[in-house]
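Asks: target-v1.cif is the file, holding mmCIF, C-alpha atoms and all ligand atoms:
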```
data_data
#
loop_
_atom_site.label_atom_id
_atom_site.label_comp_id
_atom_site.auth_asym_id
_atom_site.auth_seq_id
_atom_site.Cartn_x
_atom_site.Cartn_y
_atom_site.Cartn_z
CA MET V 14 -27.23 36.97 -50.68
CA THR V 15 -27.92 33.33 -49.80
CA THR V 16 -30.80 31.26 -51.04
CA ALA V 17 -32.10 27.68 -50.79
CA VAL V 18 -30.06 25.32 -52.94
CA VAL V 19 -30.92 21.78 -54.09
CA GLU V 20 -28.08 19.48 -52.98
CA GLY V 21 -29.55 16.00 -53.41
CA LEU V 22 -32.40 14.01 -54.97
CA GLY V 23 -33.65 10.58 -53.90
CA THR V 24 -36.67 8.43 -54.78
CA ALA V 25 -38.37 5.24 -53.66
CA LEU V 26 -40.89 2.95 -55.31
CA PRO V 27 -42.63 -0.16 -53.98
CA ALA V 28 -41.51 -3.40 -55.65
CA ARG V 29 -44.95 -4.55 -56.87
CA ARG V 30 -45.63 -3.46 -60.46
CA VAL V 31 -49.26 -3.60 -61.62
CA THR V 32 -49.92 -3.24 -65.35
CA ASN V 33 -53.02 -1.92 -67.09
CA ASP V 34 -53.75 -5.47 -68.21
CA ASP V 35 -53.62 -6.63 -64.58
CA LEU V 36 -56.32 -4.04 -63.77
CA ALA V 37 -58.35 -4.93 -66.87
CA ARG V 38 -58.71 -8.46 -65.49
CA VAL V 39 -60.70 -7.17 -62.50
CA LEU V 40 -62.24 -3.92 -63.82
CA ASP V 41 -64.25 -2.88 -66.88
CA THR V 42 -61.29 -1.10 -68.49
CA SER V 43 -58.53 -1.77 -71.01
CA ASP V 44 -54.83 -1.13 -71.55
CA GLU V 45 -55.78 0.81 -74.68
CA TRP V 46 -58.18 3.16 -72.82
CA ILE V 47 -55.75 3.86 -69.99
CA ARG V 48 -52.74 4.40 -72.28
CA THR V 49 -54.46 6.68 -74.76
CA ARG V 50 -56.40 8.73 -72.15
CA THR V 51 -53.61 9.08 -69.59
CA GLY V 52 -50.23 7.81 -70.85
CA ILE V 53 -50.10 5.31 -67.98
CA VAL V 54 -48.68 1.85 -68.69
CA ALA V 55 -48.14 0.54 -65.16
CA ARG V 56 -47.96 1.68 -61.56
CA ARG V 57 -46.21 0.55 -58.39
CA MET V 58 -48.37 -0.43 -55.44
CA VAL V 59 -47.51 -0.97 -51.80
CA ASP V 60 -48.48 -4.21 -50.14
CA GLU V 61 -50.63 -4.11 -47.02
CA GLY V 62 -48.42 -3.15 -44.09
CA THR V 63 -46.25 -0.71 -46.02
CA VAL V 64 -46.99 2.89 -45.10
CA THR V 65 -46.17 6.29 -46.59
CA GLY V 66 -43.45 6.80 -43.95
CA ASP V 67 -41.61 3.67 -45.17
CA LEU V 68 -41.32 5.12 -48.67
CA ALA V 69 -40.40 8.55 -47.24
CA VAL V 70 -37.53 7.06 -45.19
CA GLU V 71 -36.14 5.28 -48.25
CA ALA V 72 -36.36 8.38 -50.48
CA GLY V 73 -34.94 10.56 -47.69
CA GLU V 74 -31.95 8.26 -47.15
CA ARG V 75 -31.21 8.24 -50.87
CA ALA V 76 -31.50 12.02 -51.14
CA LEU V 77 -29.03 12.52 -48.28
CA LYS V 78 -26.65 10.08 -49.96
CA SER V 79 -27.06 11.93 -53.28
CA ALA V 80 -26.20 15.15 -51.40
CA GLY V 81 -22.89 13.62 -50.30
CA GLY V 82 -24.03 12.36 -46.90
CA GLY V 83 -24.68 14.20 -43.65
CA GLY V 84 -28.02 14.92 -42.07
CA ALA V 85 -30.71 17.58 -42.02
CA ASP V 86 -32.14 19.69 -39.21
CA ALA V 87 -35.69 19.87 -40.59
CA VAL V 88 -37.98 17.40 -42.34
CA VAL V 89 -40.98 18.56 -44.38
CA ILE V 90 -43.24 15.83 -45.73
CA ALA V 91 -45.82 16.78 -48.34
CA THR V 92 -48.43 14.04 -48.34
CA THR V 93 -52.13 13.48 -48.86
CA THR V 94 -51.86 10.00 -47.36
CA PRO V 95 -50.12 10.31 -43.96
CA ASP V 96 -49.49 7.17 -41.91
CA GLN V 97 -52.28 8.33 -39.56
CA LEU V 98 -53.90 11.57 -38.38
CA LEU V 99 -51.77 11.70 -35.22
CA PRO V 100 -48.78 11.58 -34.87
CA ASN V 101 -47.66 13.22 -38.08
CA THR V 102 -45.53 11.22 -40.51
CA ALA V 103 -42.50 13.53 -40.51
CA ALA V 104 -41.47 13.10 -36.85
CA GLY V 105 -41.29 9.32 -37.22
CA VAL V 106 -39.37 9.62 -40.48
CA ALA V 107 -36.86 12.05 -38.89
CA ASP V 108 -36.40 9.61 -36.02
CA ARG V 109 -35.93 6.59 -38.31
CA LEU V 110 -33.39 8.54 -40.37
CA GLY V 111 -31.43 9.17 -37.15
CA LEU V 112 -31.68 12.94 -37.51
CA GLY V 113 -32.35 13.60 -33.82
CA HIS V 114 -34.86 16.05 -32.40
CA VAL V 115 -35.24 18.17 -35.51
CA ALA V 116 -38.17 20.25 -36.81
CA ALA V 117 -40.61 17.87 -38.52
CA LEU V 118 -43.93 18.68 -40.14
CA ASP V 119 -46.44 17.29 -42.62
CA LEU V 120 -48.23 19.50 -45.08
CA ASN V 121 -51.23 18.71 -47.24
CA THR V 122 -51.87 20.54 -50.47
CA ALA V 123 -52.72 17.28 -52.28
CA CYS V 124 -50.89 16.81 -55.60
CA ALA V 125 -49.51 20.39 -55.37
CA GLY V 126 -47.49 19.34 -52.33
CA PHE V 127 -43.99 19.28 -53.77
CA PRO V 128 -43.73 22.99 -54.73
CA TYR V 129 -45.43 23.90 -51.43
CA GLY V 130 -42.96 21.68 -49.56
CA LEU V 131 -40.02 23.31 -51.33
CA ALA V 132 -41.36 26.79 -50.48
CA THR V 133 -41.76 25.73 -46.84
CA GLY V 134 -38.24 24.29 -46.77
CA ALA V 135 -36.80 27.45 -48.34
CA GLY V 136 -38.72 29.49 -45.74
CA LEU V 137 -37.25 27.49 -42.84
CA LEU V 138 -33.79 28.15 -44.26
CA ALA V 139 -34.49 31.85 -44.84
CA ILE V 140 -35.60 32.50 -41.25
CA GLY V 141 -32.67 30.54 -39.83
CA ALA V 142 -34.86 27.83 -38.27
CA ALA V 143 -32.87 25.23 -40.19
CA SER V 144 -29.59 24.96 -42.05
CA ARG V 145 -30.38 21.86 -44.13
CA VAL V 146 -33.90 20.63 -44.94
CA LEU V 147 -35.15 17.32 -46.25
CA VAL V 148 -38.28 17.95 -48.33
CA ILE V 149 -40.11 14.72 -49.13
CA GLY V 150 -43.19 14.04 -51.25
CA ALA V 151 -44.52 10.59 -50.31
CA GLU V 152 -47.81 8.84 -51.03
CA THR V 153 -49.63 5.54 -50.79
CA LEU V 154 -52.75 6.69 -52.63
CA THR V 155 -53.60 3.20 -53.87
CA ARG V 156 -54.63 2.41 -50.27
CA PHE V 157 -57.38 5.04 -50.54
CA LEU V 158 -58.92 4.08 -53.90
CA ASP V 159 -62.19 2.26 -54.48
CA PRO V 160 -60.99 -0.85 -56.31
CA ALA V 161 -64.38 -1.04 -58.05
CA ASP V 162 -64.27 2.56 -59.38
CA ARG V 163 -62.58 2.49 -62.78
CA SER V 164 -62.59 6.28 -62.99
CA THR V 165 -59.96 6.50 -60.22
CA ALA V 166 -58.53 2.99 -59.67
CA VAL V 167 -56.47 3.08 -62.87
CA LEU V 168 -54.94 6.52 -62.34
CA PHE V 169 -52.78 6.44 -59.23
CA GLY V 170 -49.61 4.78 -58.00
CA ASP V 171 -47.45 4.82 -54.86
CA GLY V 172 -43.99 6.32 -54.44
CA ALA V 173 -41.80 8.95 -52.82
CA GLY V 174 -39.20 11.52 -53.83
CA ALA V 175 -37.05 13.91 -51.83
CA PHE V 176 -34.78 16.94 -52.16
CA VAL V 177 -32.08 17.99 -49.75
CA LEU V 178 -32.05 21.78 -49.50
CA GLY V 179 -29.04 23.66 -48.18
CA ARG V 180 -27.99 27.29 -48.37
CA GLY V 181 -25.93 28.85 -51.11
CA GLU V 182 -25.41 31.86 -53.32
CA ALA V 183 -28.32 33.02 -55.48
CA ASP V 184 -26.45 32.06 -58.66
CA ALA V 185 -25.14 28.69 -57.32
CA PRO V 186 -25.95 25.41 -59.06
CA GLY V 187 -29.19 24.15 -57.49
CA ALA V 188 -30.41 27.66 -56.55
CA LEU V 189 -34.14 27.43 -55.81
CA GLY V 190 -36.75 30.14 -56.28
CA PRO V 191 -38.75 32.17 -56.94
CA PHE V 192 -42.05 30.48 -56.10
CA GLU V 193 -45.69 30.96 -57.05
CA LEU V 194 -48.44 29.40 -54.91
CA GLY V 195 -52.23 29.58 -54.98
CA SER V 196 -55.52 27.96 -53.98
CA ASP V 197 -59.24 28.00 -54.73
CA GLY V 198 -61.34 26.48 -51.95
CA SER V 199 -64.57 27.36 -53.74
CA ALA V 200 -64.10 24.42 -56.14
CA SER V 201 -62.90 21.93 -53.52
CA GLU V 202 -65.72 19.43 -54.11
CA ILE V 203 -64.21 18.12 -57.38
CA LEU V 204 -61.51 16.11 -55.58
CA THR V 205 -62.19 14.73 -52.11
CA LEU V 206 -61.31 12.11 -49.50
CA THR V 207 -63.66 12.86 -46.64
CA ALA V 208 -63.53 10.05 -44.08
CA GLY V 209 -61.27 10.43 -41.07
CA GLY V 210 -61.38 14.21 -40.64
CA SER V 211 -63.45 16.26 -38.18
CA ARG V 212 -66.34 16.39 -40.68
CA ARG V 213 -66.60 12.61 -40.73
CA PRO V 214 -64.47 11.23 -37.86
CA PRO V 215 -62.99 7.74 -38.19
CA HIS V 216 -65.49 6.32 -35.67
CA SER V 217 -68.48 7.29 -37.86
CA THR V 218 -70.50 4.14 -38.45
CA ASP V 219 -72.44 5.42 -41.46
CA LEU V 220 -69.61 6.29 -43.86
CA THR V 221 -70.59 5.99 -47.52
CA ASP V 222 -68.25 4.77 -50.27
CA ASP V 223 -68.11 8.34 -51.58
CA GLU V 224 -66.63 9.39 -48.23
CA LYS V 225 -64.34 6.40 -47.65
CA TYR V 226 -62.58 6.58 -51.00
CA LEU V 227 -60.92 9.24 -53.12
CA LYS V 228 -63.58 10.81 -55.35
CA MET V 229 -62.83 12.88 -58.40
CA ASP V 230 -64.70 14.70 -61.12
CA GLY V 231 -62.03 13.89 -63.69
CA ARG V 232 -63.12 16.28 -66.41
CA GLU V 233 -63.33 19.27 -64.06
CA VAL V 234 -60.01 18.45 -62.43
CA TYR V 235 -58.44 18.14 -65.88
CA ARG V 236 -59.76 21.56 -66.90
CA HIS V 237 -58.53 23.29 -63.73
CA ALA V 238 -55.18 21.46 -63.86
CA VAL V 239 -54.33 22.74 -67.34
CA ARG V 240 -55.43 26.27 -66.57
CA ARG V 241 -53.81 26.62 -63.15
CA MET V 242 -50.47 25.04 -64.06
CA ALA V 243 -50.19 27.15 -67.20
CA GLU V 244 -51.20 30.31 -65.32
CA SER V 245 -48.78 29.67 -62.45
CA LEU V 246 -45.76 29.67 -64.75
CA THR V 247 -46.21 33.20 -66.12
CA PRO V 248 -45.85 35.06 -62.78
CA LEU V 249 -43.10 32.59 -61.84
CA ALA V 250 -41.12 33.60 -64.92
CA GLU V 251 -41.83 37.29 -64.25
CA ARG V 252 -40.57 37.00 -60.66
CA ALA V 253 -37.36 35.53 -62.07
CA GLY V 254 -37.03 38.31 -64.65
CA MET V 255 -37.63 35.81 -67.44
CA THR V 256 -40.35 34.74 -69.83
CA VAL V 257 -41.90 31.26 -69.91
CA GLY V 258 -40.05 30.65 -73.17
CA ASP V 259 -36.76 31.04 -71.25
CA PHE V 260 -37.42 27.89 -69.19
CA ASP V 261 -35.15 25.10 -70.46
CA ALA V 262 -37.58 22.54 -69.07
CA VAL V 263 -40.91 22.38 -67.26
CA TYR V 264 -41.39 19.39 -64.95
CA ALA V 265 -45.13 19.28 -64.35
CA HIS V 266 -47.02 17.10 -61.90
CA GLN V 267 -47.55 13.79 -63.69
CA ALA V 268 -51.32 13.23 -63.54
CA ASN V 269 -52.03 12.70 -67.22
CA SER V 270 -49.78 13.02 -70.29
CA ARG V 271 -52.55 14.96 -72.07
CA ILE V 272 -52.65 17.56 -69.29
CA ILE V 273 -48.90 18.14 -69.65
CA GLU V 274 -49.16 18.42 -73.42
CA ALA V 275 -52.06 20.87 -73.06
CA VAL V 276 -50.02 23.02 -70.65
CA ALA V 277 -47.10 23.05 -73.11
CA ASP V 278 -49.41 23.98 -76.00
CA ARG V 279 -51.13 26.73 -74.01
CA LEU V 280 -47.76 28.28 -73.16
CA GLU V 281 -46.49 27.73 -76.72
CA LEU V 282 -43.60 25.67 -75.36
CA PRO V 283 -42.20 22.81 -77.42
CA ARG V 284 -43.66 19.61 -75.93
CA GLU V 285 -40.20 18.06 -75.60
CA ARG V 286 -39.37 20.70 -72.99
CA CYS V 287 -42.11 19.25 -70.75
CA PRO V 288 -41.07 15.67 -69.93
CA VAL V 289 -43.75 13.00 -69.50
CA THR V 290 -42.70 10.16 -67.20
CA ILE V 291 -46.12 9.01 -66.05
CA GLY V 292 -45.89 5.71 -67.98
CA GLU V 293 -44.30 3.57 -65.29
CA HIS V 294 -45.45 5.46 -62.17
CA ALA V 295 -49.03 6.66 -62.85
CA ASN V 296 -50.09 9.63 -60.71
CA THR V 297 -48.03 9.55 -57.49
CA SER V 298 -49.31 12.93 -56.28
CA THR V 299 -46.64 14.76 -54.24
CA ALA V 300 -43.94 12.30 -55.36
CA SER V 301 -44.44 12.78 -59.09
CA ILE V 302 -42.10 15.74 -59.69
CA PRO V 303 -39.02 14.26 -57.96
CA LEU V 304 -39.77 10.90 -59.63
CA ALA V 305 -39.91 12.65 -63.01
CA LEU V 306 -36.63 14.48 -62.31
CA ALA V 307 -34.92 11.21 -61.37
CA SER V 308 -36.35 9.30 -64.37
CA ALA V 309 -35.45 11.91 -67.00
CA PRO V 310 -32.94 14.28 -65.36
CA PRO V 311 -32.49 17.79 -66.73
CA ASN V 312 -29.05 18.98 -67.85
CA PRO V 313 -26.92 20.64 -65.19
CA GLY V 314 -27.36 24.41 -65.46
CA ASP V 315 -30.85 24.17 -66.99
CA ARG V 316 -33.43 26.63 -65.69
CA VAL V 317 -36.13 24.15 -64.67
CA ALA V 318 -39.65 25.12 -63.66
CA LEU V 319 -41.50 22.67 -61.38
CA VAL V 320 -45.28 23.03 -61.40
CA ALA V 321 -48.12 21.10 -59.79
CA PHE V 322 -51.86 21.16 -59.27
CA GLY V 323 -54.11 19.20 -56.94
CA GLY V 324 -57.16 18.99 -54.72
CA GLY V 325 -58.00 21.93 -52.53
CA LEU V 326 -57.78 23.28 -55.12
CA ALA V 327 -54.10 24.08 -54.78
CA TRP V 328 -51.31 24.83 -57.21
CA GLY V 329 -47.75 26.01 -57.15
CA SER V 330 -44.52 26.35 -59.05
CA ALA V 331 -40.84 26.83 -58.30
CA LEU V 332 -37.77 27.54 -60.36
CA VAL V 333 -34.49 25.67 -59.92
CA ARG V 334 -31.12 26.05 -61.62
CA TRP V 335 -30.53 22.30 -62.03
CA PRO V 336 -27.38 21.15 -60.19
CA ASP V 337 -24.89 18.50 -61.29
CA LEU V 338 -26.05 15.66 -59.04
CA GLU V 339 -26.49 11.91 -59.18
CA PRO V 340 -30.10 11.01 -58.23
CA GLY V 341 -30.24 8.35 -55.51
O1 LIG H 1 -53.38 14.87 -59.65
C1 LIG H 1 -54.45 15.75 -59.78
C2 LIG H 1 -55.68 14.94 -59.86
N1 LIG H 1 -55.92 14.19 -61.04
C3 LIG H 1 -55.92 14.63 -62.31
O2 LIG H 1 -55.38 15.64 -62.66
C4 LIG H 1 -56.72 13.84 -63.31
C5 LIG H 1 -57.53 14.75 -64.18
N2 LIG H 1 -58.44 14.08 -65.08
C6 LIG H 1 -58.04 13.25 -66.07
O3 LIG H 1 -56.87 12.95 -66.21
C7 LIG H 1 -59.08 12.72 -67.03
O4 LIG H 1 -60.26 13.47 -66.91
C8 LIG H 1 -59.40 11.21 -66.83
C9 LIG H 1 -58.23 10.36 -67.23
C10 LIG H 1 -59.77 10.95 -65.36
C11 LIG H 1 -60.59 10.81 -67.69
O5 LIG H 1 -60.30 11.08 -69.05
P1 LIG H 1 -61.42 11.78 -69.98
O6 LIG H 1 -60.87 11.78 -71.34
O7 LIG H 1 -61.76 13.08 -69.30
O8 LIG H 1 -62.58 10.74 -69.90
P2 LIG H 1 -64.08 10.98 -69.37
O9 LIG H 1 -64.08 11.13 -67.89
O10 LIG H 1 -64.68 12.06 -70.20
O11 LIG H 1 -64.73 9.60 -69.75
C12 LIG H 1 -64.86 9.17 -71.09
C13 LIG H 1 -65.49 7.79 -71.09
C14 LIG H 1 -66.73 7.70 -70.21
O12 LIG H 1 -67.65 6.88 -70.87
P3 LIG H 1 -68.90 7.54 -71.65
O13 LIG H 1 -69.65 8.32 -70.60
O14 LIG H 1 -68.28 8.41 -72.71
O15 LIG H 1 -69.62 6.34 -72.18
C15 LIG H 1 -66.23 6.98 -68.97
O16 LIG H 1 -67.23 6.23 -68.32
O17 LIG H 1 -64.55 6.84 -70.57
C16 LIG H 1 -65.18 6.06 -69.55
N3 LIG H 1 -64.18 5.64 -68.58
C17 LIG H 1 -63.43 4.54 -68.72
N4 LIG H 1 -63.41 3.60 -69.69
C18 LIG H 1 -62.51 2.61 -69.56
C19 LIG H 1 -63.79 6.28 -67.44
N5 LIG H 1 -62.78 5.59 -66.84
C20 LIG H 1 -62.56 4.51 -67.63
C21 LIG H 1 -61.65 3.43 -67.56
N6 LIG H 1 -61.67 2.52 -68.54
N7 LIG H 1 -60.76 3.32 -66.54
#
```
Show the structure stored in the file as structure tokens.
Replies:
Amino acid sequence: MTTAVVEGLGTALPARRVTNDDLARVLDTSDEWIRTRTGIVARRMVDEGTVTGDLAVEAGERALKSAGGGGADAVVIATTTPDQLLPNTAAGVADRLGLGHVAALDLNTACAGFPYGLATGAGLLAIGAASRVLVIGAETLTRFLDPADRSTAVLFGDGAGAFVLGRGEADAPGALGPFELGSDGSASEILTLTAGGSRRPPHSTDLTDDEKYLKMDGREVYRHAVRRMAESLTPLAERAGMTVGDFDAVYAHQANSRIIEAVADRLELPRERCPVTIGEHANTSTASIPLALASAPPNPGDRVALVAFGGGLAWGSALVRWPDLEPG
């Protein structure tokens, strides 16, 4: 039986590094508050003119190189911050990567995008619509933050990360799956970015700051994030015929070091099995899991659970038998 297999990993970060102290010069905040409440030390930010697609192209190129070269016949981009509403970001990225007229789609499940993107990529492979898929998580969330709102401005950073998925045997290095995905639209109001959609089209002349910028009820999001990520991993383990304790590592979406520690504690997993890499990247939404994997790679052969939670609400997890690869 064949399955989706991870063949390559690539990442991209903007050059500009902004520290907590840099933010404390313009906002009523402090390095101490940000570090102790979130684990964040610094973040990378795009300059005006750099778009999500630019970071996606760079991460995609590196992932293909990490996979030993060659192309892909499908591109899935998980992003909350597309280059524009129309056209999608993926078609332009596929074109710039020289992949030809391949399948190309964006998907938005906010910070849960990477597991959803992997599931979509694995699905394209399973139905024979593609033989090699580039799954990219890419974001420029700092372009959508209210610079005067300290409750969000300190939390996010920009970046991208990508996997190349091919097909292989179910027990091959890199074998991907099972998956667990979920949503809860009834609590969607706790994390929003309203302007620009059909509810509040871009030409609206009376947009409020609450609509123009990302808005978050941090405490509620925190609560749901811990619960949903922890709860996603139990059925994931069951589908794999394992228990959560059998995971060699859990790479969780990097939104807050305390959230990751709380997930580990709730599952009674040693904290060192749940790497925290948020320090230098802050919350990069769909890019955070591949960035974490590249910053602190698992050991080849490890059974690694990837788990994420975000606005929507949406959550998801995926299991991967970590392959012996060099991240690009
Ligand atoms: O990717 C998925 C989406 N994002 C997340 O998962 C983030 C989830 N939420 C969180 O990580 C945390 O809730 C935050 C980091 C956003 C906030 O941490 P907290 O420990 O929940 O703080 P809080 O919201 O309860 O605020 C505590 C205090 C408040 O002051 P008072 O009311 O106690 O006087 C805030 O006004 O901290 C204040 N505060 C700040 N102080 C300094 C909020 N933001 C800041 C700031 N600097 N940047």
Asks: Separation of atom CA of V:Ile272 and atom CA of V:Ile302, in Å?
Replies: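 Interatomic distance, atom CA of V:Ile272 to atom CA of V:Ile302: 14.4 Å.
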Asks: Choose the residue, out of V:Pro186, V:Gly231, V:Gly66, V:Pro313, that has the smallest atom-to-atom separation from ligand LIG 1 (chain H); count all atoms listed in the file.
Replies: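 Looking at the shortest contact to ligand LIG 1 (chain H), the residue is V:Gly231.
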Asks: Let me make sure I understand: among V:Trp335, V:Phe192, V:Trp328, V:Phe260, which one has the smallest atom-to-atom distance to ligand LIG 1 (chain H) if we use all atoms listed in the file?
Replies: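 Smallest separation from ligand LIG 1 (chain H) among the options: V:Trp328.
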Asks: Give the residues close to ligand LIG 1 (chain H), within 9 Å, counting only C-alpha atoms and all ligand atoms; write them as a ChimeraX atom specification.
Replies: /V:37,40-47,49-51,123-125,162-169,204,229-239,266-272,296-299,321-324
Asks: Could those selected residues go to a file with C-alpha atoms, as a PDB file, in the coordinates of the input?
Replies:
```pdb
ATOM      1  CA  ALA V  37     -58.350  -4.930 -66.870  1.00  0.00           C
ATOM      2  CA  LEU V  40     -62.240  -3.920 -63.820  1.00  0.00           C
ATOM      3  CA  ASP V  41     -64.250  -2.880 -66.880  1.00  0.00           C
ATOM      4  CA  THR V  42     -61.290  -1.100 -68.490  1.00  0.00           C
ATOM      5  CA  SER V  43     -58.530  -1.770 -71.010  1.00  0.00           C
ATOM      6  CA  ASP V  44     -54.830  -1.130 -71.550  1.00  0.00           C
ATOM      7  CA  GLU V  45     -55.780   0.810 -74.680  1.00  0.00           C
ATOM      8  CA  TRP V  46     -58.180   3.160 -72.820  1.00  0.00           C
ATOM      9  CA  ILE V  47     -55.750   3.860 -69.990  1.00  0.00           C
ATOM     10  CA  THR V  49     -54.460   6.680 -74.760  1.00  0.00           C
ATOM     11  CA  ARG V  50     -56.400   8.730 -72.150  1.00  0.00           C
ATOM     12  CA  THR V  51     -53.610   9.080 -69.590  1.00  0.00           C
ATOM     13  CA  ALA V 123     -52.720  17.280 -52.280  1.00  0.00           C
ATOM     14  CA  CYS V 124     -50.890  16.810 -55.600  1.00  0.00           C
ATOM     15  CA  ALA V 125     -49.510  20.390 -55.370  1.00  0.00           C
ATOM     16  CA  ASP V 162     -64.270   2.560 -59.380  1.00  0.00           C
ATOM     17  CA  ARG V 163     -62.580   2.490 -62.780  1.00  0.00           C
ATOM     18  CA  SER V 164     -62.590   6.280 -62.990  1.00  0.00           C
ATOM     19  CA  THR V 165     -59.960   6.500 -60.220  1.00  0.00           C
ATOM     20  CA  ALA V 166     -58.530   2.990 -59.670  1.00  0.00           C
ATOM     21  CA  VAL V 167     -56.470   3.080 -62.870  1.00  0.00           C
ATOM     22  CA  LEU V 168     -54.940   6.520 -62.340  1.00  0.00           C
ATOM     23  CA  PHE V 169     -52.780   6.440 -59.230  1.00  0.00           C
ATOM     24  CA  LEU V 204     -61.510  16.110 -55.580  1.00  0.00           C
ATOM     25  CA  MET V 229     -62.830  12.880 -58.400  1.00  0.00           C
ATOM     26  CA  ASP V 230     -64.700  14.700 -61.120  1.00  0.00           C
ATOM     27  CA  GLY V 231     -62.030  13.890 -63.690  1.00  0.00           C
ATOM     28  CA  ARG V 232     -63.120  16.280 -66.410  1.00  0.00           C
ATOM     29  CA  GLU V 233     -63.330  19.270 -64.060  1.00  0.00           C
ATOM     30  CA  VAL V 234     -60.010  18.450 -62.430  1.00  0.00           C
ATOM     31  CA  TYR V 235     -58.440  18.140 -65.880  1.00  0.00           C
ATOM     32  CA  ARG V 236     -59.760  21.560 -66.900  1.00  0.00           C
ATOM     33  CA  HIS V 237     -58.530  23.290 -63.730  1.00  0.00           C
ATOM     34  CA  ALA V 238     -55.180  21.460 -63.860  1.00  0.00           C
ATOM     35  CA  VAL V 239     -54.330  22.740 -67.340  1.00  0.00           C
ATOM     36  CA  HIS V 266     -47.020  17.100 -61.900  1.00  0.00           C
ATOM     37  CA  GLN V 267     -47.550  13.790 -63.690  1.00  0.00           C
ATOM     38  CA  ALA V 268     -51.320  13.230 -63.540  1.00  0.00           C
ATOM     39  CA  ASN V 269     -52.030  12.700 -67.220  1.00  0.00           C
ATOM     40  CA  SER V 270     -49.780  13.020 -70.290  1.00  0.00           C
ATOM     41  CA  ARG V 271     -52.550  14.960 -72.070  1.00  0.00           C
ATOM     42  CA  ILE V 272     -52.650  17.560 -69.290  1.00  0.00           C
ATOM     43  CA  ASN V 296     -50.090   9.630 -60.710  1.00  0.00           C
ATOM     44  CA  THR V 297     -48.030   9.550 -57.490  1.00  0.00           C
ATOM     45  CA  SER V 298     -49.310  12.930 -56.280  1.00  0.00           C
ATOM     46  CA  THR V 299     -46.640  14.760 -54.240  1.00  0.00           C
ATOM     47  CA  ALA V 321     -48.120  21.100 -59.790  1.00  0.00           C
ATOM     48  CA  PHE V 322     -51.860  21.160 -59.270  1.00  0.00           C
ATOM     49  CA  GLY V 323     -54.110  19.200 -56.940  1.00  0.00           C
ATOM     50  CA  GLY V 324     -57.160  18.990 -54.720  1.00  0.00           C
TER      51      GLY V 324
END
```
Asks: Just checking: using all atoms listed in the file, which residue out of V:Ala28, V:Met242, V:Val333, V:Ile273 ends up closest to V:Ala185?
Replies: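 Going through V:Ala28, V:Met242, V:Val333, V:Ile273 one by one, the smallest distance to V:Ala185 is for V:Val333.
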Asks: For each of V:Leu319, V:Val64, V:Ala85, V:Ala262, take the minimum atom-to-atom distance to V:Leu154, counting all atoms listed in the file, then give the residue where this is smallest.
Replies: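 The shortest atom-to-atom distance to V:Leu154 comes from V:Val64.
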